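Visitor: One file: input16.csv (CSV, C-alpha atoms).
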```csv
chain,number,residue,atom,x,y,z
J,1,MET,CA,-5.8,6.1,0.6
J,2,LYS,CA,-7.8,7.2,3.6
J,3,ILE,CA,-6.7,5.6,6.9
J,4,ALA,CA,-8.6,5.8,10.2
J,5,LEU,CA,-6.3,5.3,13.2
J,6,PHE,CA,-7.9,4.3,16.6
J,7,SER,CA,-6.0,5.0,19.8
J,8,GLY,CA,-7.2,5.1,23.4
J,9,ALA,CA,-3.9,6.6,24.6
J,10,GLY,CA,-5.1,10.2,24.1
J,11,ASP,CA,-2.3,12.7,24.7
J,12,VAL,CA,-0.4,10.4,27.0
J,13,LYS,CA,3.3,10.3,26.1
J,14,CYS,CA,3.9,6.6,25.4
J,15,ALA,CA,5.1,4.3,22.6
J,16,ALA,CA,1.7,4.1,21.0
J,17,SER,CA,1.3,7.9,20.8
J,18,THR,CA,4.8,8.3,19.4
J,19,TYR,CA,4.1,5.5,16.8
J,20,ILE,CA,0.9,7.2,15.7
J,21,SER,CA,2.5,10.6,15.4
J,22,VAL,CA,5.4,9.3,13.2
J,23,LEU,CA,3.1,7.1,11.1
J,24,LYS,CA,0.6,9.9,10.5
J,25,SER,CA,3.5,12.2,9.5
J,26,GLY,CA,4.9,9.6,7.0
J,27,LEU,CA,1.5,8.7,5.5
J,28,GLU,CA,0.6,12.3,4.9
J,29,LYS,CA,4.0,13.0,3.3
J,30,ALA,CA,3.2,10.1,1.0
J,31,GLY,CA,-0.1,11.7,0.0
J,32,HIS,CA,-2.5,9.7,2.1
J,33,GLN,CA,-5.2,11.1,4.3
J,34,VAL,CA,-5.2,10.1,8.0
J,35,LEU,CA,-7.9,10.7,10.6
J,36,LEU,CA,-7.0,9.8,14.2
J,37,VAL,CA,-9.8,8.7,16.5
J,38,THR,CA,-8.7,9.1,20.1
J,39,ALA,CA,-9.8,9.6,23.7
J,40,ASP,CA,-10.0,12.7,26.0
J,41,PRO,CA,-11.2,12.5,29.6
J,42,ALA,CA,-11.8,16.3,29.7
J,43,ILE,CA,-14.7,16.3,27.2
J,44,ASP,CA,-18.3,15.1,27.2
J,45,ASP,CA,-19.0,15.1,23.5
J,46,CYS,CA,-17.3,13.8,20.3
J,47,PHE,CA,-15.9,16.5,18.0
J,48,SER,CA,-13.5,16.7,15.1
J,49,GLN,CA,-10.5,19.1,15.0
J,50,ASP,CA,-7.2,19.2,13.1
J,51,GLY,CA,-7.4,15.7,11.7
J,52,LYS,CA,-8.6,14.1,14.9
J,53,ILE,CA,-11.8,12.9,16.3
J,54,TYR,CA,-11.8,13.4,20.1
J,55,CYS,CA,-14.1,11.0,22.1
J,56,PRO,CA,-15.1,11.3,25.8
J,57,ALA,CA,-13.3,9.1,28.2
J,58,LYS,CA,-13.3,8.3,31.9
J,59,VAL,CA,-10.2,8.1,34.1
J,60,THR,CA,-9.1,4.6,35.0
J,61,PRO,CA,-6.0,2.9,36.5
J,62,SER,CA,-5.2,1.2,33.1
J,63,LEU,CA,-2.0,1.6,31.2
J,64,TYR,CA,-3.1,4.8,29.5
J,65,GLY,CA,-5.0,6.1,32.4
J,66,MET,CA,-8.4,6.3,30.6
J,67,SER,CA,-11.1,4.3,28.9
J,68,VAL,CA,-13.4,5.7,26.2
J,69,ARG,CA,-17.0,6.1,27.2
J,70,THR,CA,-18.7,3.8,24.7
J,71,SER,CA,-22.2,5.1,25.4
J,72,LEU,CA,-21.2,8.5,24.1
J,73,LEU,CA,-19.6,7.4,20.8
J,74,GLY,CA,-22.7,7.9,18.6
J,75,PRO,CA,-21.4,11.2,16.9
J,76,MET,CA,-18.0,9.5,16.2
J,77,GLU,CA,-19.6,7.2,13.6
J,78,GLU,CA,-21.1,10.2,11.7
J,79,LEU,CA,-17.7,12.0,11.7
J,80,LEU,CA,-16.0,8.9,10.4
J,81,ASN,CA,-18.7,8.4,7.7
J,82,ASN,CA,-17.9,11.9,6.5
J,83,PHE,CA,-14.2,10.9,6.2
J,84,ARG,CA,-15.0,7.6,4.4
J,85,PRO,CA,-11.9,5.6,5.4
J,86,ASP,CA,-10.6,2.8,3.2
J,87,VAL,CA,-8.8,1.1,6.1
J,88,VAL,CA,-9.2,0.9,9.8
J,89,HIS,CA,-5.9,0.7,11.8
J,90,VAL,CA,-6.3,-0.1,15.6
J,91,VAL,CA,-3.3,0.9,17.7
J,92,THR,CA,-4.5,0.2,21.3
J,93,LEU,CA,-6.2,-3.0,22.5
J,94,ASP,CA,-8.9,-1.4,24.6
J,95,GLU,CA,-12.4,0.0,24.3
J,96,MET,CA,-11.3,2.4,21.6
J,97,GLY,CA,-9.8,-0.5,19.7
J,98,LEU,CA,-13.1,-2.3,20.0
J,99,ALA,CA,-14.8,0.8,18.6
J,100,GLY,CA,-12.5,0.6,15.6
J,101,LEU,CA,-13.3,-3.1,15.1
J,102,LYS,CA,-17.1,-2.5,15.3
J,103,TYR,CA,-16.9,0.4,12.8
J,104,ALA,CA,-14.7,-1.7,10.4
J,105,GLN,CA,-17.2,-4.6,10.6
J,106,LYS,CA,-20.2,-2.4,10.2
J,107,ARG,CA,-18.7,-0.8,7.1
J,108,SER,CA,-17.0,-4.0,5.9
J,109,LEU,CA,-13.6,-2.4,5.9
J,110,PRO,CA,-10.2,-4.1,6.1
J,111,MET,CA,-8.6,-3.7,9.5
J,112,VAL,CA,-5.0,-3.8,10.7
J,113,THR,CA,-4.0,-4.0,14.3
J,114,THR,CA,-0.6,-3.0,15.7
J,115,ILE,CA,0.2,-4.5,19.1
J,116,HIS,CA,2.5,-2.3,21.2
J,117,ASN,CA,1.8,-3.4,24.8
J,118,LEU,CA,0.0,-6.3,26.4
J,119,HIS,CA,0.7,-5.1,30.0
J,120,ASP,CA,-3.0,-4.8,31.1
J,121,ALA,CA,-3.8,-8.2,29.6
J,122,LEU,CA,-0.9,-9.9,31.3
J,123,GLU,CA,-0.8,-8.1,34.6
J,124,GLY,CA,-4.2,-6.4,35.0
J,125,TYR,CA,-4.7,-3.2,36.9
J,126,GLY,CA,-6.6,-1.8,39.8
J,127,VAL,CA,-6.6,-0.7,43.4
J,128,ASN,CA,-6.8,-4.2,44.7
J,129,LYS,CA,-6.2,-7.8,43.6
J,130,ALA,CA,-9.9,-8.6,43.0
J,131,TYR,CA,-10.4,-5.5,40.8
J,132,GLY,CA,-7.1,-6.3,39.0
J,133,ASN,CA,-8.2,-9.8,38.2
J,134,LEU,CA,-11.6,-8.6,36.9
J,135,ALA,CA,-9.8,-6.0,34.8
J,136,LYS,CA,-7.4,-8.6,33.5
J,137,MET,CA,-10.3,-10.9,32.3
J,138,LYS,CA,-12.0,-8.0,30.6
J,139,VAL,CA,-8.8,-6.8,28.8
J,140,ARG,CA,-8.0,-10.3,27.7
J,141,SER,CA,-11.5,-10.7,26.2
J,142,THR,CA,-11.0,-7.4,24.4
J,143,VAL,CA,-7.5,-8.3,23.1
J,144,ARG,CA,-8.8,-11.7,21.9
J,145,LYS,CA,-11.7,-10.2,20.0
J,146,ILE,CA,-9.7,-7.4,18.3
J,147,VAL,CA,-6.8,-9.7,17.4
J,148,THR,CA,-8.7,-12.7,16.1
J,149,GLU,CA,-11.1,-10.5,14.0
J,150,SER,CA,-8.4,-8.3,12.4
J,151,ASP,CA,-7.4,-9.0,8.8
J,152,LEU,CA,-3.7,-8.5,9.7
J,153,VAL,CA,-1.9,-8.1,13.0
J,154,CYS,CA,1.6,-6.7,13.3
J,155,SER,CA,4.0,-5.7,16.1
J,156,PRO,CA,7.4,-4.1,16.5
J,157,SER,CA,8.4,-6.5,19.2
J,158,ALA,CA,9.6,-10.0,18.5
J,159,LEU,CA,8.2,-11.1,21.9
J,160,THR,CA,4.5,-10.4,21.0
J,161,GLN,CA,3.9,-13.7,19.3
J,162,GLY,CA,4.9,-15.7,22.3
J,163,LEU,CA,2.9,-13.5,24.7
J,164,LEU,CA,-0.3,-14.1,22.6
J,165,GLN,CA,0.4,-17.8,22.9
J,166,GLU,CA,0.6,-17.4,26.6
J,167,LEU,CA,-2.8,-15.8,26.5
J,168,ASP,CA,-4.1,-18.7,24.4
J,169,ILE,CA,-4.7,-16.4,21.4
J,170,ALA,CA,-4.0,-18.0,18.1
J,171,CYS,CA,-2.8,-15.4,15.7
J,172,GLU,CA,0.1,-14.9,13.2
J,173,VAL,CA,1.9,-11.7,14.0
J,174,ARG,CA,3.8,-9.8,11.3
J,175,ARG,CA,6.9,-7.9,12.4
J,176,SER,CA,6.8,-4.2,11.6
J,177,PRO,CA,9.3,-1.5,12.5
J,178,TYR,CA,9.1,1.1,15.3
J,179,CYS,CA,10.3,4.4,13.9
J,180,VAL,CA,10.9,7.8,15.6
J,181,ASP,CA,10.9,11.5,14.8
J,182,LEU,CA,14.3,12.0,13.2
J,183,GLU,CA,13.7,15.7,12.8
J,184,ASN,CA,13.3,16.3,16.5
J,185,PHE,CA,15.8,13.7,17.6
J,186,CYS,CA,19.1,14.3,16.0
J,187,PRO,CA,22.8,14.9,17.0
J,188,THR,CA,23.4,18.3,18.6
J,189,GLU,CA,26.2,19.8,20.6
J,190,ALA,CA,26.2,19.8,24.4
J,191,THR,CA,26.7,23.3,25.8
J,192,LEU,CA,27.1,24.8,29.2
J,193,SER,CA,23.9,26.8,28.6
J,194,ILE,CA,21.9,23.5,27.9
J,195,LYS,CA,23.3,21.9,31.1
J,196,LYS,CA,22.4,25.0,33.1
J,197,ARG,CA,18.9,25.2,31.7
J,198,LEU,CA,18.2,21.5,32.5
J,199,GLY,CA,20.1,21.6,35.8
J,200,ILE,CA,22.6,18.9,34.7
J,201,PRO,CA,25.7,18.7,36.8
J,202,ASP,CA,28.7,20.2,34.9
J,203,ASN,CA,31.5,18.1,36.3
J,204,SER,CA,29.9,14.7,36.1
J,205,THR,CA,29.7,11.9,33.5
J,206,CYS,CA,25.9,11.7,33.0
J,207,TYR,CA,23.7,8.8,32.0
J,208,VAL,CA,20.0,9.2,31.3
J,209,PHE,CA,16.8,7.1,31.7
J,210,ALA,CA,13.7,8.5,30.0
J,211,GLY,CA,10.2,7.1,29.9
J,212,ARG,CA,6.9,6.9,31.8
J,213,LEU,CA,7.6,6.3,35.5
J,214,LEU,CA,5.2,3.4,36.1
J,215,ASP,CA,5.6,0.2,38.0
J,216,ASP,CA,6.9,-1.8,35.0
J,217,CYS,CA,9.4,0.8,33.6
J,218,GLY,CA,12.4,-1.0,35.3
J,219,LEU,CA,13.6,2.1,37.2
J,220,ASP,CA,13.4,0.3,40.5
J,221,GLU,CA,15.8,-2.3,39.2
J,222,LEU,CA,18.0,0.3,37.5
J,223,LEU,CA,18.4,2.1,40.8
J,224,GLU,CA,19.3,-1.2,42.5
J,225,ASP,CA,21.9,-1.9,39.8
J,226,TRP,CA,23.3,1.6,40.0
J,227,ASN,CA,23.6,1.3,43.7
J,228,ALA,CA,25.4,-2.0,43.4
J,229,SER,CA,27.9,-1.0,40.8
J,230,VAL,CA,28.6,2.7,41.1
J,231,PRO,CA,30.7,3.7,44.2
J,232,ALA,CA,29.5,6.8,46.1
J,233,VAL,CA,32.8,8.6,45.3
J,234,ASP,CA,32.4,8.2,41.5
J,235,SER,CA,31.6,11.2,39.4
J,236,LEU,CA,28.9,9.3,37.5
J,237,HIS,CA,25.4,10.8,37.6
J,238,LEU,CA,22.0,9.5,36.6
J,239,LEU,CA,19.4,11.7,35.0
J,240,ILE,CA,15.7,10.6,35.1
J,241,ALA,CA,13.4,12.2,32.5
J,242,GLY,CA,9.7,11.7,32.6
J,243,SER,CA,6.7,11.5,34.9
J,244,GLY,CA,4.1,9.0,36.0
J,245,SER,CA,2.2,7.5,38.9
J,246,ASN,CA,5.3,6.0,40.6
J,247,THR,CA,7.4,9.2,40.5
J,248,ALA,CA,7.1,9.7,44.3
J,249,LEU,CA,8.0,6.0,45.0
J,250,PHE,CA,11.1,6.2,42.9
J,251,ALA,CA,12.1,9.5,44.6
J,252,GLU,CA,11.8,7.7,47.9
J,253,LYS,CA,13.8,4.8,46.6
J,254,VAL,CA,16.6,7.2,45.7
J,255,LYS,CA,16.6,8.6,49.3
J,256,MET,CA,16.5,5.1,50.8
J,257,LEU,CA,19.6,4.0,48.8
J,258,SER,CA,21.4,7.3,49.6
J,259,LEU,CA,21.7,8.2,46.0
J,260,ALA,CA,20.4,11.8,46.1
J,261,HIS,CA,23.9,13.2,45.2
J,262,GLN,CA,24.0,10.9,42.2
J,263,VAL,CA,20.5,11.1,40.8
J,264,THR,CA,18.5,14.0,39.4
J,265,PHE,CA,14.8,13.9,38.4
J,266,LEU,CA,14.3,16.2,35.4
J,267,GLY,CA,10.5,15.8,35.2
J,268,GLU,CA,8.7,15.8,31.8
J,269,LEU,CA,10.8,17.2,29.0
J,270,SER,CA,9.7,18.4,25.6
J,271,HIS,CA,11.2,16.7,22.5
J,272,ARG,CA,13.8,19.5,22.2
J,273,GLU,CA,14.7,19.4,25.8
J,274,LEU,CA,15.1,15.6,25.8
J,275,ASN,CA,17.2,15.8,22.6
J,276,ASP,CA,19.4,18.4,24.4
J,277,CYS,CA,19.6,16.1,27.4
J,278,PHE,CA,20.8,13.2,25.2
J,279,ALA,CA,23.6,15.5,23.9
J,280,CYS,CA,24.9,16.0,27.5
J,281,CYS,CA,25.0,12.3,28.4
J,282,ARG,CA,27.3,9.3,27.7
J,283,ALA,CA,24.6,6.7,27.3
J,284,PHE,CA,20.9,6.0,27.7
J,285,ILE,CA,20.4,3.3,30.3
J,286,SER,CA,17.6,1.0,31.4
J,287,ALA,CA,17.1,-2.2,33.4
J,288,GLY,CA,13.6,-2.6,32.1
J,289,ARG,CA,12.6,-6.0,30.8
J,290,SER,CA,9.4,-5.0,29.0
J,291,SER,CA,8.2,-7.2,26.1
J,292,ALA,CA,7.1,-3.9,24.4
J,293,ILE,CA,9.4,-1.8,22.2
J,294,LYS,CA,10.0,1.5,24.0
J,295,ALA,CA,10.4,4.8,22.1
J,296,SER,CA,13.0,6.5,24.3
J,297,PRO,CA,15.9,4.2,23.6
J,298,LEU,CA,15.3,4.6,19.9
J,299,GLU,CA,15.0,8.4,20.2
J,300,ALA,CA,18.3,8.4,22.1
J,301,GLN,CA,20.0,6.4,19.3
J,302,ALA,CA,18.5,8.8,16.7
J,303,ALA,CA,20.2,11.6,18.7
J,304,GLY,CA,23.5,9.6,18.4
J,305,LEU,CA,23.4,8.4,22.0
J,306,PRO,CA,24.4,4.7,22.6
J,307,VAL,CA,22.1,2.6,24.8
J,308,ILE,CA,22.9,0.2,27.7
J,309,LEU,CA,19.9,-2.1,28.0
J,310,HIS,CA,19.0,-5.3,29.9
J,311,LYS,CA,19.2,-8.4,27.6
J,312,GLU,CA,15.6,-9.4,28.3
J,313,SER,CA,14.0,-6.2,27.0
J,314,ALA,CA,12.4,-6.1,23.6
J,315,ASN,CA,14.6,-3.2,22.6
J,316,ALA,CA,17.7,-5.3,23.2
J,317,GLU,CA,17.1,-7.2,20.0
J,318,LEU,CA,17.8,-3.9,18.1
J,319,VAL,CA,21.1,-3.3,19.8
J,320,ARG,CA,24.2,-4.1,17.8
J,321,ASP,CA,27.0,-4.5,20.4
J,322,GLY,CA,29.6,-1.8,20.1
J,323,ILE,CA,27.8,-0.1,17.2
J,324,ASN,CA,24.7,1.5,18.7
J,325,GLY,CA,24.9,0.2,22.3
J,326,PHE,CA,25.4,-2.7,24.7
J,327,THR,CA,23.4,-5.1,26.7
J,328,PHE,CA,23.8,-6.5,30.2
J,329,ASP,CA,22.4,-9.3,32.4
J,330,SER,CA,23.9,-8.6,35.8
J,331,PRO,CA,24.8,-5.5,38.0
J,332,ALA,CA,28.5,-6.3,37.5
J,333,ARG,CA,28.2,-6.2,33.8
J,334,PHE,CA,26.1,-3.0,34.0
J,335,GLY,CA,28.7,-1.3,36.1
J,336,GLU,CA,31.5,-2.5,33.8
J,337,LEU,CA,29.7,-0.9,30.8
J,338,LEU,CA,29.1,2.4,32.7
J,339,HIS,CA,32.7,2.8,33.5
J,340,LYS,CA,33.8,1.7,30.1
J,341,MET,CA,31.7,4.4,28.5
J,342,ALA,CA,32.9,6.9,31.1
J,343,ASP,CA,36.5,6.2,30.1
J,344,LEU,CA,36.0,6.9,26.4
J,345,ASP,CA,38.1,9.8,25.2
J,346,HIS,CA,36.5,12.6,23.2
J,347,GLU,CA,37.6,11.1,19.9
J,348,GLY,CA,36.1,7.7,20.8
J,349,GLU,CA,32.9,9.3,22.0
J,350,VAL,CA,32.5,11.3,18.7
J,351,LEU,CA,33.1,8.2,16.6
J,352,LEU,CA,30.6,6.1,18.6
J,353,ARG,CA,27.9,8.7,18.3
J,354,LYS,CA,28.4,8.8,14.6
J,355,LEU,CA,28.0,5.0,14.4
J,356,VAL,CA,24.9,5.2,16.6
J,357,ARG,CA,23.2,7.9,14.5
J,358,LYS,CA,24.0,6.0,11.3
J,359,SER,CA,22.3,2.9,12.7
J,360,ALA,CA,19.1,4.9,13.2
J,361,VAL,CA,18.8,6.7,9.9
J,362,ASN,CA,16.3,4.2,8.5
J,363,LEU,CA,13.9,4.7,11.5
J,364,SER,CA,12.1,7.5,9.6
J,365,ASP,CA,8.5,8.3,9.2
J,366,LYS,CA,8.7,7.8,5.4
J,367,ASN,CA,10.0,4.3,5.8
J,368,LEU,CA,7.3,3.4,8.4
J,369,ALA,CA,4.7,4.8,6.1
J,370,ALA,CA,6.0,2.8,3.1
J,371,ILE,CA,5.9,-0.5,5.1
J,372,MET,CA,2.5,0.2,6.5
J,373,GLU,CA,1.1,1.2,3.1
J,374,GLN,CA,2.1,-2.3,1.9
J,375,THR,CA,0.5,-3.8,5.1
J,376,TYR,CA,-2.8,-2.0,4.3
J,377,GLU,CA,-2.7,-3.3,0.7
J,378,ASP,CA,-2.1,-6.8,2.0
J,379,ALA,CA,-5.0,-6.4,4.5
J,380,LYS,CA,-7.3,-5.4,1.7
J,381,LYS,CA,-6.5,-8.6,-0.2
J,382,ILE,CA,-7.0,-10.7,2.9
J,383,HIS,CA,-10.3,-8.9,3.6
J,384,ARG,CA,-11.5,-9.5,0.0
J,385,LYS,CA,-10.6,-13.1,0.2
J,386,LYS,CA,-12.6,-13.5,3.4
J,387,GLN,CA,-15.6,-11.8,1.9
J,388,SER,CA,-15.5,-14.1,-1.2
J,389,GLU,CA,-15.4,-17.2,1.1
J,390,ASP,CA,-18.4,-16.1,3.1
```
Write out the structure in this file as structure tokens.
Guide:
Amino acid sequence: MKIALFSGAGDVKCAASTYISVLKSGLEKAGHQVLLVTADPAIDDCFSQDGKIYCPAKVTPSLYGMSVRTSLLGPMEELLNNFRPDVVHVVTLDEMGLAGLKYAQKRSLPMVTTIHNLHDALEGYGVNKAYGNLAKMKVRSTVRKIVTESDLVCSPSALTQGLLQELDIACEVRRSPYCVDLENFCPTEATLSIKKRLGIPDNSTCYVFAGRLLDDCGLDELLEDWNASVPAVDSLHLLIAGSGSNTALFAEKVKMLSLAHQVTFLGELSHRELNDCFACCRAFISAGRSSAIKASPLEAQAAGLPVILHKESANAELVRDGINGFTFDSPARFGELLHKMADLDHEGEVLLRKLVRKSAVNLSDKNLAAIMEQTYEDAKKIHRKKQSED
């Protein structure tokens, strides 16, 4: 089978990009051909290279920081025609997703859409309220068009169906898994050299938050919860891995709360560095309440690191209490869990890490590919039925 994936996320490190990378890997291992159509704000012409079609984009304040320049997409169609896809799979609900829809309709191809994040449709974006409201209206129109005209819509998050109802979009959403790179994220041993290389305090019990440092990542709430539940004299330390538009604001928040001695910003880490960081920590923590499944908590679990997540986050549904992590709903409970994990002896920590890794072994690229392969076949049947009814 030949699958064309459409993503407006470009090279941005995010859940959509991770999903695409893992899915592409699994599909190719299964013998399918995959072509990724994506955006790049640094180019002025479409071109194909290494299994990808790169399309010109402009910088915007949207979730992925860019929007494809639709007036320059002419060559993309010819490159896609040379590939001759059997299925179109849209992964971002933006102008690039619309381009995928238009191509699928023009070629009468079955189309699958995976919904990862509805942030821009729900919250909008922009430098002021008026711009944000206009952006929200445009994004909602785009989401509605892509979703209602897809043959099959799926999402890793159980919360997506309800959010579409809030947007007054009638659509049945099929649950699909979110899988991670189990080759790059796997249990490894914490060493002094790793701690020294990453600048991790040697005599502290460390916890880590990793992700894009944006306004909705939950880091502001995490710092508040940490400040409310971790005494200044404790030897607990928070590591923050990642970057984003709100990095400076969060750094200022750390200073305002007088947490500089307890918090270290690691910046953007490679997969290997992040996996090493997970090995040096007691748990992955987040106070985020996002309705979208996040990659980092699952990557941490793949590395054998338990998670401590807010009960209202989409990822919390995947937490099995005491097996691969814990959930909380108050700063008091958050602090209780931090200290409970800190008090684990070596034997208890090793056992828990084994349980966590075991819980993540099915989050593989091959399993994701197998499920999506069936999804594509179902979309084909639905598409043929629609055609026969027209």
Visitor: Would you please work out which residue, of J:Phe185, J:Trp226, J:Phe265, J:Tyr103, is nearest to Ile146 (chain J) when using all atoms listed in the file?
Guide: J:Tyr103
Visitor: Residues at most 7 Å from Tyr19 (chain J), counting all atoms listed in the file, excluding those fewer than 4 positions away in the same chain, as a list of chain:residue names?
Guide: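 Residues meeting the cut-off are J:Ala15, J:Leu23, J:Tyr178, J:Cys179.
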Visitor: Just to confirm, what's the straight-line distance from CA of Met1 (chain J) to CA of Gln105 (chain J) in Å (one decimal)?
Guide: 18.6 Å
Visitor: How many Å lie between CA of Phe284 (chain J) and CA of Val208 (chain J), rounded to one decimal?
Guide: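 Rounded to one decimal, the two atoms are 4.9 Å apart.
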Visitor: Compare J:Thr92, J:Pro110, J:Thr60, J:Asp11 by their minimum atom-to-atom distance to Gln387 (chain J), counting all atoms listed in the file, and give me the closest one.
Guide: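 When distances to Gln387 (chain J) are compared using all atoms listed in the file, the smallest one comes from J:Pro110.
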Visitor: Counting all atoms listed in the file, figure out which residue out of J:His116, J:Lys294, J:Arg174, J:Arg289 gets nearest to Arg212 (chain J).
Guide: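 Comparing J:His116, J:Lys294, J:Arg174, J:Arg289 against Arg212 (chain J), the winner is J:Lys294.
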Visitor: Identify which of the residues J:Leu318, J:Leu236, J:Leu163, J:Ile115 lies closest to Thr205 (chain J), counting only C-alpha atoms when measuring atom-to-atom distances.
Guide: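 Of all the options, J:Leu236 lies closest to Thr205 (chain J).
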Visitor: In Å to one decimal, how far is CA of Tyr54 (chain J) from CA of Leu101 (chain J)?
Guide: 17.3 Å
Visitor: Using all atoms listed in the file, pick whichever of J:Glu317, J:Asp120, J:Glu336, J:Glu268 has the shortest atom-to-atom distance to Ser229 (chain J).
Guide: J:Glu336
Visitor: Centre and edge lengths of an axis-aligned box around all listed atoms of region 254-261 of chain J, with 5 Å added on each side, are to be given in Å to one decimal, as JSON.
Guide:
```
{"center_x": 20.2, "center_y": 8.6, "center_z": 48.0, "size_x": 17.4, "size_y": 19.2, "size_z": 15.6}
```
Visitor: Out of J:Ile200, J:Ala39, J:Leu72, J:Ala135, which residue has the shortest atom-to-atom distance to His119 (chain J) when counting all atoms listed in the file?
Guide: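 Going through J:Ile200, J:Ala39, J:Leu72, J:Ala135 one by one, the smallest distance to His119 (chain J) is for J:Ala135.
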Visitor: Please report, as CSV, each residue of region 265-323 of chain J lying at most 9 Å from region 350-370 of chain J, together with the nearest pair of atoms and the separation in Å rounded to one decimal; use only C-alpha atoms, and order rows by chain and ascending residue number.
Guide:
```
residue,atom,partner,partner_atom,distance
J:Leu298,CA,J:Ala360,CA,7.7
J:Glu299,CA,J:Ala360,CA,8.8
J:Gln301,CA,J:Val356,CA,5.7
J:Ala302,CA,J:Arg357,CA,5.3
J:Ala303,CA,J:Arg357,CA,6.4
J:Gly304,CA,J:Arg357,CA,4.3
J:Leu305,CA,J:Arg353,CA,5.8
J:Pro306,CA,J:Val356,CA,6.0
J:Arg320,CA,J:Ser359,CA,8.9
J:Gly322,CA,J:Leu352,CA,8.1
J:Ile323,CA,J:Leu355,CA,5.8
```
Visitor: Dump C-alpha atoms for the selected residues as an mmCIF file, in the frame of the given file?
Guide:
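This went into selection13.cif:
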```
data_model
loop_
_atom_site.group_PDB
_atom_site.id
_atom_site.type_symbol
_atom_site.label_atom_id
_atom_site.label_comp_id
_atom_site.auth_asym_id
_atom_site.auth_seq_id
_atom_site.Cartn_x
_atom_site.Cartn_y
_atom_site.Cartn_z
ATOM 1 C CA LEU J 298 15.300 4.600 19.900
ATOM 2 C CA GLU J 299 15.000 8.400 20.200
ATOM 3 C CA GLN J 301 20.000 6.400 19.300
ATOM 4 C CA ALA J 302 18.500 8.800 16.700
ATOM 5 C CA ALA J 303 20.200 11.600 18.700
ATOM 6 C CA GLY J 304 23.500 9.600 18.400
ATOM 7 C CA LEU J 305 23.400 8.400 22.000
ATOM 8 C CA PRO J 306 24.400 4.700 22.600
ATOM 9 C CA ARG J 320 24.200 -4.100 17.800
ATOM 10 C CA GLY J 322 29.600 -1.800 20.100
ATOM 11 C CA ILE J 323 27.800 -0.100 17.200
#
```
Visitor: What's the 8 Å shell around region 122-134 of chain J, counting only C-alpha atoms, without same-chain residues fewer than 5 positions away, as a PyMOL selection string?
Guide: chain J and resi 61-63+139-140+167
Visitor: Using only C-alpha atoms, which protein or nucleic acid residues come within 8 Å of region 248-254 of chain J? Drop anything in the same chain fewer than 3 positions from it, and give the result as a PDB file with C-alpha atoms, in the frame of the given file.
Guide:
```pdb
ATOM      1  CA  LEU J 219      13.600   2.100  37.200  1.00  0.00           C
ATOM      2  CA  ASP J 220      13.400   0.300  40.500  1.00  0.00           C
ATOM      3  CA  LEU J 223      18.400   2.100  40.800  1.00  0.00           C
ATOM      4  CA  SER J 245       2.200   7.500  38.900  1.00  0.00           C
ATOM      5  CA  LEU J 257      19.600   4.000  48.800  1.00  0.00           C
ATOM      6  CA  SER J 258      21.400   7.300  49.600  1.00  0.00           C
ATOM      7  CA  LEU J 259      21.700   8.200  46.000  1.00  0.00           C
ATOM      8  CA  ALA J 260      20.400  11.800  46.100  1.00  0.00           C
ATOM      9  CA  VAL J 263      20.500  11.100  40.800  1.00  0.00           C
TER      10      VAL J 263
END
```
